[in-house]
Amino acid sequence: MLKEEVREKTLSPQQVRAILNADNKEIVELCKRAAIMPKKNTKGQTYFSYDEVRHLRRLQAKKNVTNPIAISAPAAPQKDVAIMKSILGSLKDMETKLSDRIAKVIDEKLEGMDEVVVELIRCKTDNETLRQKIIDLNKEIYQLKNDLNSYKPIGFGMYRKKERSIWE
């Protein structure tokens, strides 16, 4: 029963500041790290549970212990820089190899394209020439039909050419 009473005990923000010996900004930061959302009572006042404050206290203790270690290790960044340079060099090398392979494949695939383009242009030129010949032959057919229509039968298999004026 004592444990339930302790867990249900609530602490105000002032009490939490006193227990943690921290300002509001640090308490907010600790709450974010611990994923703790302060609760509000029916009057709208903020409060924390005893377990939450205990958890915040542990996080604060861990934070105070880990900071001096991080400051006293200046050799680690140099090692990280060397590793990063190595990784960047490998990536650059890989990029160069990939682009060379892709360029080679594209060149192989496009190797015969010049000849295809030349053949296509030649075919297009031939097509235009034939189209013009068709137009000329259609004109000649029209003219020959007009000449044929100018002959009128007079009988006994004989035909007489009727002169046409340019206005007809």
# chains A, B, ... in the order shown; residues from 1 in each chain; ligands from 1
>>> residues_around(residues="A:Ser12", least_positions_apart="3", cutoff="7 Å", atoms="only C-alpha atoms", output="list in words")
Gln15, Val16, Thr46, Tyr47 and Phe48 of chain A
>>> write_last_selection(atoms="N, CA, C and O atoms", output="PDB file, in the first residue's frame")
ATOM      1  N   GLN A  15       8.333  21.972  -6.867  1.00  0.00           N
ATOM      2  CA  GLN A  15       8.961  20.874  -6.146  1.00  0.00           C
ATOM      3  C   GLN A  15       9.933  20.124  -7.058  1.00  0.00           C
ATOM      4  O   GLN A  15      11.022  19.733  -6.621  1.00  0.00           O
ATOM      5  N   VAL A  16       9.566  19.960  -8.327  1.00  0.00           N
ATOM      6  CA  VAL A  16      10.451  19.277  -9.271  1.00  0.00           C
ATOM      7  C   VAL A  16      11.714  20.090  -9.479  1.00  0.00           C
ATOM      8  O   VAL A  16      12.818  19.534  -9.525  1.00  0.00           O
ATOM      9  N   THR A  46      -0.204  22.259 -13.608  1.00  0.00           N
ATOM     10  CA  THR A  46       0.694  21.200 -14.054  1.00  0.00           C
ATOM     11  C   THR A  46       1.231  20.445 -12.845  1.00  0.00           C
ATOM     12  O   THR A  46       1.541  21.027 -11.812  1.00  0.00           O
ATOM     13  N   TYR A  47       1.372  19.112 -13.010  1.00  0.00           N
ATOM     14  CA  TYR A  47       1.969  18.294 -11.954  1.00  0.00           C
ATOM     15  C   TYR A  47       2.692  17.110 -12.565  1.00  0.00           C
ATOM     16  O   TYR A  47       2.478  16.750 -13.716  1.00  0.00           O
ATOM     17  N   PHE A  48       3.603  16.544 -11.790  1.00  0.00           N
ATOM     18  CA  PHE A  48       4.377  15.369 -12.195  1.00  0.00           C
ATOM     19  C   PHE A  48       4.133  14.268 -11.175  1.00  0.00           C
ATOM     20  O   PHE A  48       3.945  14.537  -9.990  1.00  0.00           O
TER      21      PHE A  48
END
>>> select_by_dssp(residues="chain A", states="alpha helix (DSSP H)", output="number ranges by chain")
A: 2-8, 13-20, 24-34, 50-71, 75-110, 113-149
>>> closest_residue(among="A:Asn21, A:Thr96, A:Gln14, A:Gln78", to="A:Arg57", atoms="only C-alpha atoms")
A:Asn21
>>> residues_around(residues="A:Lys152", least_positions_apart="2", cutoff="7 Å", atoms="only C-alpha atoms", output="PyMOL selection string")
chain A and resi 150+154+159-162
>>> write_last_selection(atoms="all heavy atoms", output="PDB file, in the first residue's frame")
ATOM      1  N   SER A 150     -11.190  15.074-126.252  1.00  0.00           N
ATOM      2  CA  SER A 150     -11.361  16.033-127.347  1.00  0.00           C
ATOM      3  C   SER A 150     -11.669  15.317-128.677  1.00  0.00           C
ATOM      4  O   SER A 150     -12.101  15.950-129.628  1.00  0.00           O
ATOM      5  CB  SER A 150     -10.125  16.921-127.477  1.00  0.00           C
ATOM      6  OG  SER A 150      -9.016  16.177-127.909  1.00  0.00           O
ATOM      7  N   ILE A 154     -17.111   9.984-135.343  1.00  0.00           N
ATOM      8  CA  ILE A 154     -17.927  10.454-136.482  1.00  0.00           C
ATOM      9  C   ILE A 154     -18.536   9.263-137.235  1.00  0.00           C
ATOM     10  O   ILE A 154     -19.283   9.443-138.177  1.00  0.00           O
ATOM     11  CB  ILE A 154     -17.108  11.338-137.435  1.00  0.00           C
ATOM     12  CG1 ILE A 154     -15.840  10.655-137.905  1.00  0.00           C
ATOM     13  CG2 ILE A 154     -16.799  12.644-136.794  1.00  0.00           C
ATOM     14  CD1 ILE A 154     -15.116  11.412-138.989  1.00  0.00           C
ATOM     15  N   TYR A 159     -12.594   9.082-135.882  1.00  0.00           N
ATOM     16  CA  TYR A 159     -12.756  10.116-134.864  1.00  0.00           C
ATOM     17  C   TYR A 159     -12.255  11.435-135.397  1.00  0.00           C
ATOM     18  O   TYR A 159     -11.326  11.485-136.220  1.00  0.00           O
ATOM     19  CB  TYR A 159     -11.979   9.767-133.590  1.00  0.00           C
ATOM     20  CG  TYR A 159     -12.523   8.556-132.851  1.00  0.00           C
ATOM     21  CD1 TYR A 159     -12.102   7.262-133.165  1.00  0.00           C
ATOM     22  CD2 TYR A 159     -13.462   8.729-131.846  1.00  0.00           C
ATOM     23  CE1 TYR A 159     -12.603   6.169-132.492  1.00  0.00           C
ATOM     24  CE2 TYR A 159     -13.965   7.628-131.171  1.00  0.00           C
ATOM     25  CZ  TYR A 159     -13.525   6.367-131.496  1.00  0.00           C
ATOM     26  OH  TYR A 159     -14.027   5.304-130.811  1.00  0.00           O
ATOM     27  N   ARG A 160     -12.895  12.482-134.898  1.00  0.00           N
ATOM     28  CA  ARG A 160     -12.496  13.831-135.318  1.00  0.00           C
ATOM     29  C   ARG A 160     -12.103  14.602-134.070  1.00  0.00           C
ATOM     30  O   ARG A 160     -12.805  14.574-133.060  1.00  0.00           O
ATOM     31  CB  ARG A 160     -13.675  14.515-135.996  1.00  0.00           C
ATOM     32  CG  ARG A 160     -13.356  15.880-136.421  1.00  0.00           C
ATOM     33  CD  ARG A 160     -14.488  16.396-137.287  1.00  0.00           C
ATOM     34  NE  ARG A 160     -14.167  17.727-137.632  1.00  0.00           N
ATOM     35  CZ  ARG A 160     -14.903  18.788-137.373  1.00  0.00           C
ATOM     36  NH1 ARG A 160     -16.089  18.633-136.805  1.00  0.00           N
ATOM     37  NH2 ARG A 160     -14.529  19.966-137.728  1.00  0.00           N
ATOM     38  N   LYS A 161     -10.989  15.308-134.108  1.00  0.00           N
ATOM     39  CA  LYS A 161     -10.519  16.047-132.970  1.00  0.00           C
ATOM     40  C   LYS A 161     -11.230  17.386-132.925  1.00  0.00           C
ATOM     41  O   LYS A 161     -11.182  18.133-133.881  1.00  0.00           O
ATOM     42  CB  LYS A 161      -9.015  16.250-133.011  1.00  0.00           C
ATOM     43  CG  LYS A 161      -8.468  16.937-131.768  1.00  0.00           C
ATOM     44  CD  LYS A 161      -6.964  17.009-131.786  1.00  0.00           C
ATOM     45  CE  LYS A 161      -6.469  17.612-130.504  1.00  0.00           C
ATOM     46  NZ  LYS A 161      -5.038  17.742-130.447  1.00  0.00           N
ATOM     47  N   LYS A 162     -11.836  17.641-131.822  1.00  0.00           N
ATOM     48  CA  LYS A 162     -12.524  18.902-131.640  1.00  0.00           C
ATOM     49  C   LYS A 162     -11.549  19.822-130.911  1.00  0.00           C
ATOM     50  O   LYS A 162     -11.021  19.481-129.861  1.00  0.00           O
ATOM     51  CB  LYS A 162     -13.789  18.678-130.814  1.00  0.00           C
ATOM     52  CG  LYS A 162     -14.565  19.929-130.555  1.00  0.00           C
ATOM     53  CD  LYS A 162     -15.771  19.596-129.706  1.00  0.00           C
ATOM     54  CE  LYS A 162     -16.464  20.873-129.303  1.00  0.00           C
ATOM     55  NZ  LYS A 162     -17.506  20.644-128.342  1.00  0.00           N
TER      56      LYS A 162
END
>>> select_by_dssp(residues="stretch 118-166 of chain A", states="strand (DSSP E)", output="list in words")
Tyr151, Lys152, Pro153, Ile154, Gly155, Met158, Tyr159, Arg160 and Lys161 of chain A
>>> write_last_selection(atoms="N, CA, C and O atoms", output="PDB file, in the first residue's frame")
ATOM      1  N   TYR A 151     -11.465  14.009-128.750  1.00  0.00           N
ATOM      2  CA  TYR A 151     -11.802  13.238-129.962  1.00  0.00           C
ATOM      3  C   TYR A 151     -13.237  12.762-129.866  1.00  0.00           C
ATOM      4  O   TYR A 151     -13.628  12.119-128.889  1.00  0.00           O
ATOM      5  N   LYS A 152     -14.034  13.063-130.912  1.00  0.00           N
ATOM      6  CA  LYS A 152     -15.443  12.677-130.977  1.00  0.00           C
ATOM      7  C   LYS A 152     -15.635  11.680-132.133  1.00  0.00           C
ATOM      8  O   LYS A 152     -15.075  11.884-133.222  1.00  0.00           O
ATOM      9  N   PRO A 153     -16.383  10.625-131.902  1.00  0.00           N
ATOM     10  CA  PRO A 153     -16.580   9.635-132.999  1.00  0.00           C
ATOM     11  C   PRO A 153     -17.486  10.222-134.104  1.00  0.00           C
ATOM     12  O   PRO A 153     -18.482  10.873-133.825  1.00  0.00           O
ATOM     13  N   ILE A 154     -17.111   9.984-135.343  1.00  0.00           N
ATOM     14  CA  ILE A 154     -17.927  10.454-136.482  1.00  0.00           C
ATOM     15  C   ILE A 154     -18.536   9.263-137.235  1.00  0.00           C
ATOM     16  O   ILE A 154     -19.283   9.443-138.177  1.00  0.00           O
ATOM     17  N   GLY A 155     -18.212   8.062-136.834  1.00  0.00           N
ATOM     18  CA  GLY A 155     -18.779   6.868-137.461  1.00  0.00           C
ATOM     19  C   GLY A 155     -17.725   6.052-138.173  1.00  0.00           C
ATOM     20  O   GLY A 155     -16.672   6.563-138.538  1.00  0.00           O
ATOM     21  N   MET A 158     -14.098   6.078-137.054  1.00  0.00           N
ATOM     22  CA  MET A 158     -13.255   7.261-137.261  1.00  0.00           C
ATOM     23  C   MET A 158     -13.603   8.320-136.223  1.00  0.00           C
ATOM     24  O   MET A 158     -14.751   8.433-135.792  1.00  0.00           O
ATOM     25  N   TYR A 159     -12.594   9.082-135.882  1.00  0.00           N
ATOM     26  CA  TYR A 159     -12.756  10.116-134.864  1.00  0.00           C
ATOM     27  C   TYR A 159     -12.255  11.435-135.397  1.00  0.00           C
ATOM     28  O   TYR A 159     -11.326  11.485-136.220  1.00  0.00           O
ATOM     29  N   ARG A 160     -12.895  12.482-134.898  1.00  0.00           N
ATOM     30  CA  ARG A 160     -12.496  13.831-135.318  1.00  0.00           C
ATOM     31  C   ARG A 160     -12.103  14.602-134.070  1.00  0.00           C
ATOM     32  O   ARG A 160     -12.805  14.574-133.060  1.00  0.00           O
ATOM     33  N   LYS A 161     -10.989  15.308-134.108  1.00  0.00           N
ATOM     34  CA  LYS A 161     -10.519  16.047-132.970  1.00  0.00           C
ATOM     35  C   LYS A 161     -11.230  17.386-132.925  1.00  0.00           C
ATOM     36  O   LYS A 161     -11.182  18.133-133.881  1.00  0.00           O
TER      37      LYS A 161
END
>>> residues_around(residues="stretch 25-34 of chain A", least_positions_apart="3", cutoff="10 Å", atoms="only C-alpha atoms", output="PDB file with C-alpha atoms, in the first residue's frame")
ATOM      1  CA  PRO A  13       6.747  22.146 -10.935  1.00  0.00           C
ATOM      2  CA  VAL A  16      10.451  19.277  -9.271  1.00  0.00           C
ATOM      3  CA  ARG A  17      12.778  22.282  -9.725  1.00  0.00           C
ATOM      4  CA  LEU A  20      16.340  18.313  -9.656  1.00  0.00           C
ATOM      5  CA  ASN A  21      18.035  21.615  -8.817  1.00  0.00           C
ATOM      6  CA  ALA A  22      17.307  22.759 -12.404  1.00  0.00           C
ATOM      7  CA  MET A  37       4.393  14.909 -20.834  1.00  0.00           C
ATOM      8  CA  PRO A  38       3.472  16.804 -17.630  1.00  0.00           C
ATOM      9  CA  GLU A  52       8.313  10.581 -13.559  1.00  0.00           C
ATOM     10  CA  VAL A  53      10.488  12.762 -11.334  1.00  0.00           C
ATOM     11  CA  HIS A  55      13.058   8.971 -14.112  1.00  0.00           C
ATOM     12  CA  LEU A  56      14.004  12.619 -14.796  1.00  0.00           C
ATOM     13  CA  ARG A  57      16.507  12.442 -11.912  1.00  0.00           C
ATOM     14  CA  ARG A  58      18.182   9.366 -13.473  1.00  0.00           C
ATOM     15  CA  LEU A  59      18.405  11.079 -16.866  1.00  0.00           C
ATOM     16  CA  GLN A  60      19.908  14.158 -15.264  1.00  0.00           C
ATOM     17  CA  LYS A  63      23.699  13.570 -18.550  1.00  0.00           C
TER      18      LYS A  63
END
>>> atom_distance(atom1="atom CA of A:Asn24", atom2="atom CA of A:Thr42")
22.2 Å
